[in-house]
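Structure file upload.cif (mmCIF, C-alpha atoms) is printed below.
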```
data_upload
loop_
_atom_site.group_PDB
_atom_site.id
_atom_site.type_symbol
_atom_site.label_atom_id
_atom_site.label_comp_id
_atom_site.auth_asym_id
_atom_site.auth_seq_id
_atom_site.Cartn_x
_atom_site.Cartn_y
_atom_site.Cartn_z
ATOM 1 C CA MET I 3 60.767 48.792 -112.027
ATOM 2 C CA ASP I 4 58.027 51.409 -112.009
ATOM 3 C CA LYS I 5 57.313 53.074 -108.671
ATOM 4 C CA ILE I 6 54.127 54.345 -107.092
ATOM 5 C CA TYR I 7 54.418 57.071 -104.437
ATOM 6 C CA LEU I 8 51.711 57.050 -101.776
ATOM 7 C CA THR I 9 50.740 60.126 -99.770
ATOM 8 C CA TRP I 10 49.853 60.310 -96.083
ATOM 9 C CA TRP I 11 46.259 61.022 -97.113
ATOM 10 C CA GLN I 12 46.166 57.769 -99.112
ATOM 11 C CA ILE I 13 47.644 55.867 -96.159
ATOM 12 C CA ASP I 14 45.035 57.325 -93.802
ATOM 13 C CA ARG I 15 42.234 56.277 -96.148
ATOM 14 C CA ALA I 16 43.723 52.788 -96.570
ATOM 15 C CA VAL I 17 44.161 52.207 -92.825
ATOM 16 C CA PHE I 18 40.630 53.429 -92.075
ATOM 17 C CA ALA I 19 39.323 51.033 -94.759
ATOM 18 C CA LEU I 20 41.225 48.133 -93.166
ATOM 19 C CA ALA I 21 39.904 49.099 -89.730
ATOM 20 C CA GLU I 22 36.330 49.108 -90.989
ATOM 21 C CA GLU I 23 36.681 45.618 -92.452
ATOM 22 C CA LEU I 24 38.365 44.316 -89.299
ATOM 23 C CA ARG I 25 35.527 45.722 -87.160
ATOM 24 C CA LYS I 26 32.976 43.896 -89.324
ATOM 25 C CA LYS I 27 34.769 40.577 -89.851
ATOM 26 C CA PHE I 28 37.634 39.996 -87.404
ATOM 27 C CA MET I 29 38.104 42.172 -84.344
ATOM 28 C CA PRO I 30 41.576 41.244 -83.059
ATOM 29 C CA ASP I 31 42.765 40.948 -79.466
ATOM 30 C CA VAL I 32 46.312 41.714 -80.593
ATOM 31 C CA ILE I 33 47.888 43.385 -83.625
ATOM 32 C CA VAL I 34 51.325 42.098 -84.642
ATOM 33 C CA GLY I 35 53.180 44.771 -86.593
ATOM 34 C CA VAL I 36 55.898 43.567 -88.936
ATOM 35 C CA ALA I 37 58.961 45.791 -88.688
ATOM 36 C CA ARG I 38 59.665 47.920 -90.432
ATOM 37 C CA GLY I 39 56.971 48.661 -92.988
ATOM 38 C CA GLY I 40 54.036 47.376 -90.962
ATOM 39 C CA LEU I 41 54.720 49.341 -87.793
ATOM 40 C CA ILE I 42 53.039 52.606 -88.750
ATOM 41 C CA PRO I 43 49.875 50.932 -90.113
ATOM 42 C CA ALA I 44 49.796 48.636 -87.037
ATOM 43 C CA VAL I 45 49.921 51.554 -84.588
ATOM 44 C CA MET I 46 47.343 53.491 -86.587
ATOM 45 C CA LEU I 47 45.000 50.475 -86.597
ATOM 46 C CA SER I 48 45.475 50.046 -82.854
ATOM 47 C CA HIS I 49 44.335 53.618 -82.206
ATOM 48 C CA ILE I 50 41.397 53.428 -84.617
ATOM 49 C CA LEU I 51 40.201 50.104 -83.175
ATOM 50 C CA GLY I 52 40.256 51.374 -79.590
ATOM 51 C CA ASP I 53 43.832 50.814 -78.432
ATOM 52 C CA VAL I 54 44.168 47.137 -79.311
ATOM 53 C CA ASP I 55 47.451 45.718 -77.948
ATOM 54 C CA VAL I 56 50.377 45.830 -80.386
ATOM 55 C CA GLU I 57 53.228 43.333 -80.532
ATOM 56 C CA ILE I 58 56.228 43.719 -82.822
ATOM 57 C CA ILE I 59 58.208 41.218 -84.851
ATOM 58 C CA ALA I 60 61.120 42.170 -87.086
ATOM 59 C CA VAL I 61 61.993 40.134 -90.145
ATOM 60 C CA LYS I 62 64.824 40.970 -92.529
ATOM 61 C CA PHE I 63 64.402 39.940 -96.164
ATOM 62 C CA TYR I 64 65.038 42.782 -98.610
ATOM 63 C CA LYS I 65 68.480 44.306 -99.033
ATOM 64 C CA ASP I 66 67.438 46.711 -101.794
ATOM 65 C CA ILE I 67 64.608 47.355 -104.271
ATOM 66 C CA GLU I 68 65.340 44.203 -106.289
ATOM 67 C CA GLU I 69 67.702 42.317 -103.991
ATOM 68 C CA HIS I 70 66.683 40.086 -101.138
ATOM 69 C CA MET I 71 68.206 37.336 -99.065
ATOM 70 C CA GLU I 72 67.534 33.673 -99.712
ATOM 71 C CA LYS I 73 65.187 33.309 -96.746
ATOM 72 C CA PRO I 74 63.636 35.831 -94.331
ATOM 73 C CA VAL I 75 65.253 35.921 -90.894
ATOM 74 C CA VAL I 76 63.531 36.927 -87.639
ATOM 75 C CA THR I 77 65.736 39.622 -86.109
ATOM 76 C CA ILE I 78 63.408 40.653 -83.255
ATOM 77 C CA PRO I 79 61.128 37.840 -82.048
ATOM 78 C CA LEU I 80 57.713 38.208 -80.477
ATOM 79 C CA HIS I 81 58.010 38.928 -76.757
ATOM 80 C CA GLY I 82 54.678 37.958 -75.278
ATOM 81 C CA SER I 83 52.433 34.955 -75.367
ATOM 82 C CA LEU I 84 49.565 35.042 -77.810
ATOM 83 C CA ASN I 85 47.820 32.048 -76.193
ATOM 84 C CA GLY I 86 44.178 31.908 -77.178
ATOM 85 C CA LYS I 87 44.258 35.349 -78.830
ATOM 86 C CA ARG I 88 42.737 36.506 -82.093
ATOM 87 C CA VAL I 89 45.688 38.058 -83.913
ATOM 88 C CA VAL I 90 45.924 40.190 -87.019
ATOM 89 C CA ILE I 91 49.369 40.485 -88.583
ATOM 90 C CA VAL I 92 49.866 43.896 -90.190
ATOM 91 C CA ASP I 93 52.404 44.734 -92.880
ATOM 92 C CA ASP I 94 52.648 47.378 -95.565
ATOM 93 C CA VAL I 95 52.759 45.002 -98.542
ATOM 94 C CA SER I 96 52.621 41.302 -99.301
ATOM 95 C CA ASP I 97 55.237 41.089 -102.045
ATOM 96 C CA THR I 98 56.729 37.594 -102.325
ATOM 97 C CA GLY I 99 54.816 36.482 -99.244
ATOM 98 C CA LYS I 100 57.902 34.861 -97.740
ATOM 99 C CA THR I 101 58.131 37.314 -94.841
ATOM 100 C CA LEU I 102 54.470 36.812 -94.002
ATOM 101 C CA GLU I 103 54.885 33.018 -94.105
ATOM 102 C CA VAL I 104 57.596 33.298 -91.434
ATOM 103 C CA VAL I 105 55.515 35.701 -89.316
ATOM 104 C CA ILE I 106 52.384 33.539 -89.530
ATOM 105 C CA GLU I 107 54.424 30.551 -88.352
ATOM 106 C CA GLU I 108 55.877 32.547 -85.423
ATOM 107 C CA VAL I 109 52.449 33.864 -84.387
ATOM 108 C CA LYS I 110 51.004 30.344 -84.428
ATOM 109 C CA LYS I 111 53.960 29.049 -82.386
ATOM 110 C CA ALA I 112 53.213 31.801 -79.830
ATOM 111 C CA GLY I 113 49.771 30.233 -79.307
ATOM 112 C CA ALA I 114 47.387 32.412 -81.316
ATOM 113 C CA ARG I 115 43.891 30.922 -81.551
ATOM 114 C CA GLU I 116 43.062 32.660 -84.857
ATOM 115 C CA VAL I 117 45.388 34.449 -87.269
ATOM 116 C CA LYS I 118 44.531 36.846 -90.085
ATOM 117 C CA VAL I 119 46.746 39.049 -92.251
ATOM 118 C CA ALA I 120 46.054 42.682 -93.166
ATOM 119 C CA CYS I 121 48.219 44.654 -95.600
ATOM 120 C CA LEU I 122 47.821 47.969 -97.302
ATOM 121 C CA SER I 123 48.706 46.355 -100.614
ATOM 122 C CA MET I 124 49.655 43.120 -102.299
ATOM 123 C CA LYS I 125 51.506 42.059 -105.405
ATOM 124 C CA PRO I 126 49.788 39.757 -107.918
ATOM 125 C CA TRP I 127 52.529 37.121 -107.497
ATOM 126 C CA THR I 128 52.501 36.871 -103.689
ATOM 127 C CA LYS I 129 52.437 33.467 -102.004
ATOM 128 C CA VAL I 130 50.346 34.940 -99.153
ATOM 129 C CA VAL I 131 47.167 36.708 -100.188
ATOM 130 C CA PRO I 132 46.180 38.825 -97.164
ATOM 131 C CA ASP I 133 42.758 38.286 -95.631
ATOM 132 C CA PHE I 134 42.362 42.065 -95.765
ATOM 133 C CA TYR I 135 44.089 44.421 -98.207
ATOM 134 C CA VAL I 136 43.292 47.699 -99.934
ATOM 135 C CA PHE I 137 44.881 47.469 -103.387
ATOM 136 C CA ARG I 138 46.968 45.326 -105.739
ATOM 137 C CA THR I 139 49.886 46.574 -107.796
ATOM 138 C CA ASP I 140 52.888 45.213 -109.645
ATOM 139 C CA GLN I 141 54.819 48.441 -109.023
ATOM 140 C CA TRP I 142 57.392 49.145 -106.316
ATOM 141 C CA ILE I 143 55.571 51.110 -103.607
ATOM 142 C CA VAL I 144 57.230 54.070 -101.906
ATOM 143 C CA PHE I 145 55.414 54.787 -98.655
ATOM 144 C CA PRO I 146 55.455 58.325 -97.227
ATOM 145 C CA TRP I 147 57.599 57.230 -94.269
ATOM 146 C CA GLU I 148 60.303 56.063 -96.718
ATOM 147 C CA GLU I 149 60.415 58.940 -99.170
ATOM 148 C CA PHE I 150 62.380 61.737 -97.537
ATOM 149 C CA PRO I 151 65.656 61.674 -95.621
ATOM 150 C CA VAL I 152 65.784 63.295 -92.217
ATOM 151 C CA VAL I 153 67.396 66.735 -92.211
ATOM 152 C CA VAL I 154 69.494 67.521 -89.148
ATOM 153 C CA ARG I 155 69.901 71.147 -88.159
ATOM 154 C CA GLU I 156 73.115 72.215 -86.516
#
```

Exercise: express the given structure as structure tokens:
Amino acid sequence: MDKIYLTWWQIDRAVFALAEELRKKFMPDVIVGVARGGLIPAVMLSHILGDVDVEIIAVKFYKDIEEHMEKPVVTIPLHGSLNGKRVVIVDDVSDTGKTLEVVIEEVKKAGAREVKVACLSMKPWTKVVPDFYVFRTDQWIVFPWEEFPVVVRE
């Protein structure tokens, strides 16, 4: 599968674009970041939008670039109540859409009044087209926070 490597500059531009659209069309009370890929964009959006509260949910689906489990599994559930809140779920990419389906269900069960999805990118075959996204691609995306291993000095 072909890969596309994104830079931090491209991520900054993408997150600022998402923030602008959210300001115009859906200012959230809470941002739910999907661990792992959605955490950095979720925190960035929180800062840009004026320190909107961030909740975290972790869902395990992919084992490797082309290998995933049968069904996504919530490994870290939402902690707080979302009763009556306007919530935007943030992830890096909507690929199959199966992870986002699980997260949307969990956010609704937590009492969210309104739920929208924002992703940096989406695949043409996804089951969940985000309400807000920056670009579409059929390539495997390597985000800057995934590219390099950590070097430990001794």

Using only C-alpha atoms, tabulate the residues of stretch 76-111 of chain I lying at most 12 Å from any atom of stretch 47-58 of chain I, each with its closest atom pair and that distance in Å to one decimal, by chain and increasing residue number, as a tab-separated table.
```
residue	atom	partner	partner_atom	distance
I:Val76	CA	I:Ile58	CA	11.1
I:Thr77	CA	I:Ile58	CA	10.9
I:Ile78	CA	I:Ile58	CA	7.8
I:Pro79	CA	I:Ile58	CA	7.7
I:Leu80	CA	I:Ile58	CA	6.2
I:His81	CA	I:Glu57	CA	7.5
I:Gly82	CA	I:Glu57	CA	7.7
I:Ser83	CA	I:Glu57	CA	9.9
I:Leu84	CA	I:Glu57	CA	9.5
I:Lys87	CA	I:Asp55	CA	10.9
I:Arg88	CA	I:Val54	CA	11.1
I:Val89	CA	I:Val56	CA	9.7
I:Val90	CA	I:Val56	CA	9.8
I:Ile91	CA	I:Glu57	CA	9.4
I:Val92	CA	I:Leu47	CA	8.9
I:Asp93	CA	I:Ile58	CA	10.8
I:Val105	CA	I:Ile58	CA	10.3
I:Glu108	CA	I:Ile58	CA	11.5
I:Val109	CA	I:Glu57	CA	10.3
```

* Close residues, stretch 140-155 of chain I itself excluded, 10 Å, only C-alpha atoms, min 5 positions apart in chain, as an NGL selection string -> :I and (3-13 or 39 or 42 or 67-68 or 94-95 or 97 or 123-127)

* **Selection result of the PyMOL selection byres ((chain I and resi 136) around 7) on this file, as a PyMOL selection string** => chain I and resi 16+122-123+135+137

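Nearest to I:Pro74 of all the residues I:Glu156, I:Glu103, I:Asp133, I:Glu22 is I:Glu103, counting all atoms listed in the file.
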
* Pull out every residue that the PyMOL selection byres ((chain I and resi 102) around 9) matches in the shown coordinates and put them as an NGL selection string. => :I and (36 or 91 or 93 or 96 or 98-101 or 103-107 or 119 or 129-130)

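For the pair atom CA of I:Glu116 and atom CA of I:Leu41, the interatomic distance is 20.6 Å.
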
* Structure fact -> Between I:Lys26, I:Lys73, I:Lys111, I:Lys118, smallest distance to I:Val131 by all atoms listed in the file belongs to I:Lys118

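Proximity of I:Ala112, I:Ala19, I:Phe63, I:Arg25 to I:Ala37, computed with all atoms listed in the file, is greatest for I:Phe63.
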
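Distance annotation: of I:Ala114, I:Lys62, I:Arg138, I:Ala120, the residue with the minimal separation from I:Gly35 is I:Ala120; atom set is all atoms listed in the file.
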